[in-house]
>>> print(open('upload05.cif').read())   # mmCIF, C-alpha atoms
data_protein
loop_
_atom_site.label_atom_id
_atom_site.label_comp_id
_atom_site.auth_asym_id
_atom_site.auth_seq_id
_atom_site.Cartn_x
_atom_site.Cartn_y
_atom_site.Cartn_z
CA MET Z 1 56.77 -62.86 46.58
CA ASP Z 2 58.35 -65.24 49.05
CA ASN Z 3 58.91 -68.91 48.21
CA ILE Z 4 58.26 -68.49 44.51
CA SER Z 5 56.80 -71.61 42.92
CA GLU Z 6 58.93 -73.61 40.51
CA ASN Z 7 56.07 -73.27 38.04
CA ILE Z 8 56.75 -69.54 37.88
CA THR Z 9 60.53 -69.80 37.46
CA THR Z 10 60.47 -72.74 35.02
CA ASN Z 11 60.05 -72.18 31.28
CA GLY Z 12 56.82 -73.49 29.86
CA ILE Z 13 56.87 -75.54 26.69
CA THR Z 14 56.38 -73.98 23.26
CA ASN Z 15 54.91 -76.04 20.45
CA VAL Z 16 54.15 -73.59 17.61
CA THR Z 17 55.96 -70.83 15.73
CA PHE Z 18 54.21 -68.08 13.78
CA LYS Z 19 55.17 -65.09 11.65
CA VAL Z 20 55.00 -61.53 13.00
CA GLU Z 21 55.00 -58.59 10.61
CA GLY Z 22 58.21 -56.57 10.94
CA ARG Z 23 59.56 -58.74 13.77
CA GLU Z 24 61.28 -62.06 14.29
CA ASP Z 25 59.08 -65.15 14.39
CA CYS Z 26 57.33 -65.77 17.69
CA ASN Z 27 57.03 -69.09 19.50
CA GLY Z 28 54.02 -69.93 21.61
CA TYR Z 29 52.15 -72.58 23.56
CA LEU Z 30 48.98 -73.81 21.85
CA SER Z 31 46.39 -75.93 23.66
CA ASP Z 32 43.56 -77.32 21.54
CA VAL Z 33 41.82 -79.99 23.57
CA PHE Z 34 38.59 -80.28 21.59
CA LYS Z 35 39.67 -79.04 18.13
CA SER Z 36 37.47 -75.97 18.57
CA ASP Z 37 36.87 -73.28 15.94
CA HIS Z 38 36.78 -70.65 18.70
CA GLY Z 39 40.16 -69.23 19.68
CA LEU Z 40 41.70 -67.23 22.49
CA VAL Z 41 45.01 -65.44 22.68
CA LEU Z 42 46.07 -65.62 26.33
CA ILE Z 43 48.80 -63.22 27.42
CA GLN Z 44 51.41 -63.93 30.07
CA GLU Z 45 52.04 -62.10 33.32
CA TRP Z 46 55.29 -60.22 33.80
CA TRP Z 47 57.06 -63.52 34.58
CA GLY Z 48 57.04 -64.72 30.98
CA LEU Z 49 55.83 -67.90 29.30
CA ASN Z 50 56.39 -70.16 32.27
CA LYS Z 51 54.91 -73.47 33.34
CA SER Z 52 52.31 -71.66 35.44
CA ILE Z 53 50.81 -69.77 32.50
CA THR Z 54 50.64 -72.96 30.42
CA ILE Z 55 48.49 -74.46 33.18
CA THR Z 56 46.16 -71.47 32.87
CA VAL Z 57 46.11 -71.92 29.08
CA ASP Z 58 45.01 -75.53 29.55
CA LYS Z 59 42.26 -74.49 31.96
CA PHE Z 60 40.77 -72.14 29.38
CA SER Z 61 41.27 -74.62 26.56
CA SER Z 62 39.40 -77.34 28.46
CA ASN Z 63 36.29 -75.20 27.97
CA ASN Z 64 36.41 -75.84 24.22
CA PHE Z 65 38.76 -73.16 22.91
CA LYS Z 66 41.96 -73.20 20.91
CA VAL Z 67 44.19 -71.16 23.23
CA LEU Z 68 47.54 -69.69 22.20
CA CYS Z 69 49.98 -67.97 24.56
CA PRO Z 70 52.68 -66.10 22.60
CA ASP Z 71 56.17 -66.00 24.10
CA LEU Z 72 56.58 -62.22 24.29
CA TYR Z 73 59.98 -62.43 26.02
CA ARG Z 74 61.37 -64.80 23.37
CA GLY Z 75 62.40 -67.56 25.77
CA LYS Z 76 63.19 -65.53 28.88
CA VAL Z 77 61.42 -66.14 32.20
CA GLY Z 78 61.74 -64.10 35.40
CA LYS Z 79 63.44 -66.05 38.17
CA ASP Z 80 62.40 -63.55 40.86
CA ARG Z 81 60.31 -60.38 41.14
CA GLU Z 82 63.26 -58.11 40.33
CA GLN Z 83 64.10 -59.98 37.14
CA ALA Z 84 60.44 -60.12 36.10
CA GLY Z 85 60.24 -56.35 36.61
CA HIS Z 86 63.30 -55.81 34.40
CA LEU Z 87 61.82 -58.02 31.69
CA MET Z 88 58.54 -56.13 31.74
CA LYS Z 89 60.22 -52.71 31.69
CA GLY Z 90 62.42 -53.81 28.82
CA LEU Z 91 59.52 -55.12 26.75
CA ASP Z 92 58.79 -53.37 23.46
CA PHE Z 93 55.10 -52.81 24.22
CA GLN Z 94 54.13 -51.95 20.64
CA GLY Z 95 56.13 -54.92 19.40
CA ALA Z 96 54.35 -57.16 21.91
CA VAL Z 97 51.02 -55.94 20.54
CA LYS Z 98 52.20 -57.00 17.08
CA ASP Z 99 53.01 -60.45 18.49
CA ILE Z 100 49.53 -60.70 19.99
CA ILE Z 101 47.80 -59.66 16.78
CA ALA Z 102 49.93 -62.16 14.86
CA ALA Z 103 48.90 -64.86 17.36
CA ALA Z 104 45.27 -64.09 16.56
CA GLN Z 105 46.01 -64.28 12.84
CA TYR Z 106 47.66 -67.66 13.41
CA LEU Z 107 44.54 -68.94 15.19
CA LYS Z 108 42.48 -67.72 12.25
CA SER Z 109 44.77 -69.67 9.93
CA LEU Z 110 43.99 -72.79 12.00
CA GLY Z 111 40.29 -72.36 11.30
CA CYS Z 112 39.11 -70.22 14.20
CA THR Z 113 36.07 -68.22 13.13
CA LYS Z 114 36.10 -66.12 16.31
CA VAL Z 115 39.10 -65.07 18.40
CA GLY Z 116 39.11 -63.40 21.81
CA VAL Z 117 41.96 -62.06 23.89
CA THR Z 118 42.63 -62.29 27.61
CA GLY Z 119 45.60 -61.77 29.90
CA PHE Z 120 46.76 -61.16 33.44
CA CYS Z 121 48.67 -58.27 35.06
CA MET Z 122 51.00 -57.12 32.27
CA GLY Z 123 48.93 -59.39 30.04
CA GLY Z 124 45.78 -57.59 31.13
CA ALA Z 125 47.27 -54.26 30.10
CA LEU Z 126 48.37 -55.77 26.79
CA THR Z 127 44.87 -57.16 26.27
CA ILE Z 128 43.46 -53.64 26.37
CA ALA Z 129 46.30 -52.31 24.22
CA SER Z 130 45.69 -55.02 21.61
CA LEU Z 131 41.95 -54.36 21.52
CA CYS Z 132 42.75 -50.69 20.89
CA SER Z 133 45.18 -51.56 18.11
CA SER Z 134 43.35 -54.11 15.95
CA ASN Z 135 39.87 -55.17 14.93
CA ILE Z 136 40.84 -58.84 14.62
CA PHE Z 137 39.42 -59.70 18.04
CA ASP Z 138 35.78 -60.47 18.78
CA ALA Z 139 35.89 -59.91 22.56
CA GLY Z 140 38.33 -59.20 25.38
CA VAL Z 141 38.70 -60.09 29.06
CA PRO Z 142 41.59 -58.20 30.68
CA PHE Z 143 42.54 -59.14 34.24
CA TYR Z 144 44.04 -56.62 36.71
CA GLY Z 145 46.14 -54.53 34.34
CA ILE Z 146 45.72 -51.20 32.52
CA PRO Z 147 48.07 -49.74 29.88
CA ASP Z 148 49.02 -46.07 29.58
CA LEU Z 149 45.87 -44.80 27.88
CA THR Z 150 47.68 -41.78 26.46
CA TYR Z 151 49.11 -44.24 23.90
CA PHE Z 152 46.00 -46.35 23.32
CA ASN Z 153 42.62 -44.96 22.26
CA LEU Z 154 39.74 -46.78 23.93
CA SER Z 155 37.32 -45.48 21.29
CA ASN Z 156 39.00 -47.86 18.83
CA ILE Z 157 37.51 -50.84 20.69
CA LYS Z 158 34.42 -52.06 18.83
CA VAL Z 159 33.87 -55.35 20.65
CA PRO Z 160 32.53 -56.24 24.12
CA VAL Z 161 34.97 -56.14 27.01
CA MET Z 162 34.69 -57.66 30.48
CA ALA Z 163 37.45 -56.40 32.79
CA GLN Z 164 38.08 -58.30 36.02
CA PHE Z 165 39.84 -56.79 39.04
CA GLY Z 166 40.17 -57.48 42.76
CA SER Z 167 38.95 -55.20 45.55
CA LEU Z 168 42.15 -55.76 47.58
CA ASP Z 169 44.55 -54.96 44.74
CA GLN Z 170 47.03 -52.27 45.80
CA ALA Z 171 48.89 -51.72 42.51
CA LYS Z 172 48.17 -48.00 42.37
CA GLY Z 173 47.59 -46.57 38.93
CA PHE Z 174 47.71 -50.01 37.32
CA SER Z 175 45.09 -52.33 38.79
CA ASP Z 176 43.78 -50.94 42.09
CA PRO Z 177 39.99 -50.49 42.40
CA GLU Z 178 40.13 -46.74 41.77
CA SER Z 179 42.08 -47.24 38.54
CA ALA Z 180 39.69 -50.00 37.47
CA LYS Z 181 36.67 -47.77 37.99
CA ASN Z 182 38.40 -44.95 36.12
CA LEU Z 183 38.97 -47.36 33.23
CA GLU Z 184 35.27 -48.25 33.29
CA THR Z 185 34.29 -44.58 33.14
CA LYS Z 186 36.65 -43.80 30.27
CA ALA Z 187 35.64 -46.91 28.32
CA LYS Z 188 31.93 -46.13 28.57
CA GLU Z 189 32.56 -42.50 27.63
CA ALA Z 190 34.39 -43.83 24.57
CA GLY Z 191 31.35 -45.91 23.61
CA VAL Z 192 32.81 -49.30 24.50
CA THR Z 193 30.46 -52.11 25.52
CA PHE Z 194 32.22 -52.53 28.83
CA GLU Z 195 31.54 -54.48 32.01
CA LEU Z 196 33.67 -54.15 35.15
CA VAL Z 197 33.74 -57.13 37.50
CA MET Z 198 35.21 -56.27 40.90
CA TRP Z 199 35.83 -59.41 42.93
CA GLU Z 200 35.34 -58.81 46.63
CA ASP Z 201 38.36 -60.11 48.61
CA GLY Z 202 40.30 -60.62 45.37
CA ASN Z 203 43.92 -59.46 45.41
CA HIS Z 204 46.32 -58.93 42.53
CA ALA Z 205 47.07 -62.22 40.72
CA PHE Z 206 44.04 -63.97 42.24
CA MET Z 207 43.86 -66.16 39.10
CA ASN Z 208 47.44 -67.44 39.32
CA GLN Z 209 47.46 -70.87 41.03
CA ASP Z 210 51.16 -70.39 41.84
CA SER Z 211 50.82 -66.96 43.46
CA GLN Z 212 50.54 -66.29 47.17
CA ASN Z 213 47.44 -64.22 46.27
CA TYR Z 214 45.70 -67.11 44.53
CA ASN Z 215 42.05 -67.39 45.51
CA PRO Z 216 40.71 -70.70 44.17
CA GLU Z 217 37.06 -69.85 44.77
CA ILE Z 218 37.25 -66.50 42.99
CA ALA Z 219 39.50 -67.95 40.28
CA GLN Z 220 36.98 -70.65 39.41
CA LYS Z 221 34.11 -68.17 39.33
CA ALA Z 222 36.15 -65.76 37.21
CA LEU Z 223 37.11 -68.53 34.78
CA THR Z 224 33.49 -69.64 34.44
CA LEU Z 225 32.34 -66.05 33.92
CA SER Z 226 35.04 -65.45 31.29
CA VAL Z 227 34.15 -68.62 29.39
CA GLU Z 228 30.45 -67.74 29.42
CA PHE Z 229 31.25 -64.20 28.25
CA PHE Z 230 33.39 -65.34 25.33
CA LYS Z 231 30.97 -68.03 24.22
CA SER Z 232 27.90 -65.78 24.38
CA THR Z 233 29.72 -62.97 22.57
CA PHE Z 234 31.04 -65.28 19.87
CA LEU Z 235 27.59 -66.76 19.30
CA SER Z 236 25.88 -63.37 19.22
CA GLY Z 237 28.36 -62.01 16.71
CA MET Z 238 28.33 -58.69 18.57
CA LYS Z 239 30.84 -56.52 16.76
CA ASP Z 240 30.37 -53.01 15.43
#
>>> encode(input="upload05.cif", output="structure tokens")
Amino acid sequence: MDNISENITTNGITNVTFKVEGREDCNGYLSDVFKSDHGLVLIQEWWGLNKSITITVDKFSSNNFKVLCPDLYRGKVGKDREQAGHLMKGLDFQGAVKDIIAAAQYLKSLGCTKVGVTGFCMGGALTIASLCSSNIFDAGVPFYGIPDLTYFNLSNIKVPVMAQFGSLDQAKGFSDPESAKNLETKAKEAGVTFELVMWEDGNHAFMNQDSQNYNPEIAQKALTLSVEFFKSTFLSGMKD
């Protein structure tokens, strides 16, 4: 990415700390605009908990959710694509899943009766991984990211999932259209209530307002669709 935004290379604020089983405490950014009893764990991109992702947290929170973004890198933020790549490759993926589950437990401790999970790029892959690893979540919306499914069993997912990808995404094997459709096939074969949304003319990171691939029209539609999905799922209580 050329001319990386300061919002991507600047650390976002953290305002809560929560316990994680078997790991050091995790900090996070919590946005709770309307004191909602519906919560979302929102997972960072490969850059880390930067100012950009806190803006995204606030966008979701403004739709009447408590939204918590755990700091999976423990204070580190990628300053360029190479550094972000090193941070992602060095991440303890199973440990990150523990952080995410603990974030959901923390939201429950704050009074959230329903908790969903969403994330972008690396965070999208971790969304799926977390849904496979715990029944604490009531719904999931992963964006343009798929974990190694040899380590995560899709049949463990017992809640509705809406996965959102872009038709122009070229991240082969991770978030390109072919991989997204393969995920859809495998999820439905595993019995998951699964919907694939493929945004025409959407590229990787189309939701990130500080990315060169940002598409404001698609991003707004995707945000609205995600909010509607979470709210309808939470109200229906759809969980096996």
>>> axis_aligned_box(input="upload05.cif", around="range 136-152 of chain Z", padding_each_side="6 Å", output="lines of an AutoDock Vina configuration file")
center_x = 42.4
center_y = -51.1
center_z = 25.7
size_x = 25.3
size_y = 30.7
size_z = 34.1
>>> resolve_selection(input="upload05.cif", expression="the PyMOL selection byres ((chain Z and resi 13) around 9)", output="list in words")
Asn11, Gly12, Thr14, Asn15, Gly28, Tyr29, Leu49, Asn50, Lys51 and Thr54 of chain Z
>>> closest_residue(input="upload05.cif", among="Z:Leu154, Z:His86, Z:Asn64, Z:Thr127", to="Glu228 in chain Z", atoms="only C-alpha atoms")
Z:Asn64
>>> residues_near_point(input="upload05.cif", point="(28.8, -58.4, 17.9)", cutoff="12 Å", atoms="all atoms listed in the file", output="list in words")
Lys114, Asn135, Phe137, Asp138, Ala139, Ile157, Lys158, Val159, Pro160, Val161, Val192, Thr193, Phe230, Lys231, Ser232, Thr233, Phe234, Leu235, Ser236, Gly237, Met238, Lys239 and Asp240 of chain Z
>>> resolve_selection(input="upload05.cif", expression="the PyMOL selection byres ((chain Z and resi 19) around 12)", output="ChimeraX atom specification")
/Z:16-18,20-28,70,98-107,109
>>> resolve_selection(input="upload05.cif", expression="the PyMOL selection byres ((chain Z and resi 152) around 10)", output="NGL selection string")
:Z and (128-133 or 147-151 or 153-157)
>>> residues_around(input="upload05.cif", residues="Ile146 in chain Z", least_positions_apart="5", cutoff="9 Å", atoms="all atoms listed in the file", output="PDB file with C-alpha atoms, in the frame of the given file")
ATOM      1  CA  CYS Z 121      48.670 -58.270  35.060  1.00  0.00           C
ATOM      2  CA  MET Z 122      51.000 -57.120  32.270  1.00  0.00           C
ATOM      3  CA  GLY Z 124      45.780 -57.590  31.130  1.00  0.00           C
ATOM      4  CA  ALA Z 125      47.270 -54.260  30.100  1.00  0.00           C
ATOM      5  CA  LEU Z 126      48.370 -55.770  26.790  1.00  0.00           C
ATOM      6  CA  THR Z 127      44.870 -57.160  26.270  1.00  0.00           C
ATOM      7  CA  ILE Z 128      43.460 -53.640  26.370  1.00  0.00           C
ATOM      8  CA  ALA Z 129      46.300 -52.310  24.220  1.00  0.00           C
ATOM      9  CA  GLY Z 173      47.590 -46.570  38.930  1.00  0.00           C
ATOM     10  CA  PHE Z 174      47.710 -50.010  37.320  1.00  0.00           C
ATOM     11  CA  SER Z 175      45.090 -52.330  38.790  1.00  0.00           C
ATOM     12  CA  SER Z 179      42.080 -47.240  38.540  1.00  0.00           C
ATOM     13  CA  ALA Z 180      39.690 -50.000  37.470  1.00  0.00           C
ATOM     14  CA  LEU Z 183      38.970 -47.360  33.230  1.00  0.00           C
TER      15      LEU Z 183
END
>>> atom_distance(input="upload05.cif", atom1="CA of Val197 in chain Z", atom2="CA of Leu42 in chain Z")
18.7 Å
>>> decode(input="upload05.cif", residues="range 177-199 of chain Z", atoms="N, CA and C atoms", output="CSV table (one decimal), in the first residue's frame")
chain,number,residue,atom,x,y,z
Z,177,PRO,N,-12.6,-14.7,-4.6
Z,177,PRO,CA,-14.0,-15.3,-4.8
Z,177,PRO,C,-14.1,-16.8,-4.8
Z,178,GLU,N,-13.1,-17.4,-5.4
Z,178,GLU,CA,-13.1,-18.9,-5.5
Z,178,GLU,C,-13.0,-19.5,-4.1
Z,179,SER,N,-12.1,-18.9,-3.2
Z,179,SER,CA,-12.0,-19.4,-1.9
Z,179,SER,C,-13.2,-19.1,-1.1
Z,180,ALA,N,-13.9,-18.0,-1.3
Z,180,ALA,CA,-15.1,-17.6,-0.6
Z,180,ALA,C,-16.2,-18.6,-0.9
Z,181,LYS,N,-16.3,-19.0,-2.2
Z,181,LYS,CA,-17.4,-19.9,-2.6
Z,181,LYS,C,-17.1,-21.3,-2.1
Z,182,ASN,N,-15.8,-21.7,-2.0
Z,182,ASN,CA,-15.4,-23.0,-1.4
Z,182,ASN,C,-15.8,-23.0,0.1
Z,183,LEU,N,-15.6,-21.9,0.8
Z,183,LEU,CA,-16.0,-21.8,2.2
Z,183,LEU,C,-17.5,-22.0,2.3
Z,184,GLU,N,-18.3,-21.3,1.4
Z,184,GLU,CA,-19.7,-21.5,1.4
Z,184,GLU,C,-20.1,-22.9,1.3
Z,185,THR,N,-19.5,-23.6,0.3
Z,185,THR,CA,-19.8,-25.0,0.1
Z,185,THR,C,-19.5,-25.9,1.3
Z,186,LYS,N,-18.4,-25.7,1.9
Z,186,LYS,CA,-18.0,-26.5,3.0
Z,186,LYS,C,-18.8,-26.2,4.2
Z,187,ALA,N,-19.2,-24.9,4.4
Z,187,ALA,CA,-20.0,-24.6,5.6
Z,187,ALA,C,-21.4,-25.2,5.5
Z,188,LYS,N,-22.0,-25.1,4.3
Z,188,LYS,CA,-23.3,-25.7,4.1
Z,188,LYS,C,-23.3,-27.2,4.2
Z,189,GLU,N,-22.2,-27.8,3.7
Z,189,GLU,CA,-22.1,-29.3,3.9
Z,189,GLU,C,-21.9,-29.7,5.4
Z,190,ALA,N,-21.4,-28.7,6.2
Z,190,ALA,CA,-21.2,-29.0,7.6
Z,190,ALA,C,-22.5,-28.6,8.4
Z,191,GLY,N,-23.5,-28.2,7.7
Z,191,GLY,CA,-24.8,-27.9,8.4
Z,191,GLY,C,-24.9,-26.5,9.0
Z,192,VAL,N,-23.9,-25.6,8.6
Z,192,VAL,CA,-24.0,-24.2,9.1
Z,192,VAL,C,-25.0,-23.4,8.4
Z,193,THR,N,-25.8,-22.6,9.1
Z,193,THR,CA,-26.7,-21.6,8.5
Z,193,THR,C,-25.8,-20.5,8.0
Z,194,PHE,N,-25.5,-20.5,6.7
Z,194,PHE,CA,-24.4,-19.7,6.1
Z,194,PHE,C,-24.9,-19.0,4.9
Z,195,GLU,N,-24.6,-17.7,4.9
Z,195,GLU,CA,-24.9,-16.8,3.7
Z,195,GLU,C,-23.7,-16.2,3.3
Z,196,LEU,N,-23.4,-16.3,2.0
Z,196,LEU,CA,-22.2,-15.6,1.4
Z,196,LEU,C,-22.7,-14.4,0.6
Z,197,VAL,N,-22.1,-13.2,1.0
Z,197,VAL,CA,-22.4,-12.0,0.3
Z,197,VAL,C,-21.1,-11.6,-0.5
Z,198,MET,N,-21.3,-11.6,-1.8
Z,198,MET,CA,-20.2,-11.2,-2.7
Z,198,MET,C,-20.4,-9.9,-3.3
Z,199,TRP,N,-19.7,-8.9,-2.9
Z,199,TRP,CA,-19.9,-7.5,-3.3
Z,199,TRP,C,-19.2,-7.3,-4.7
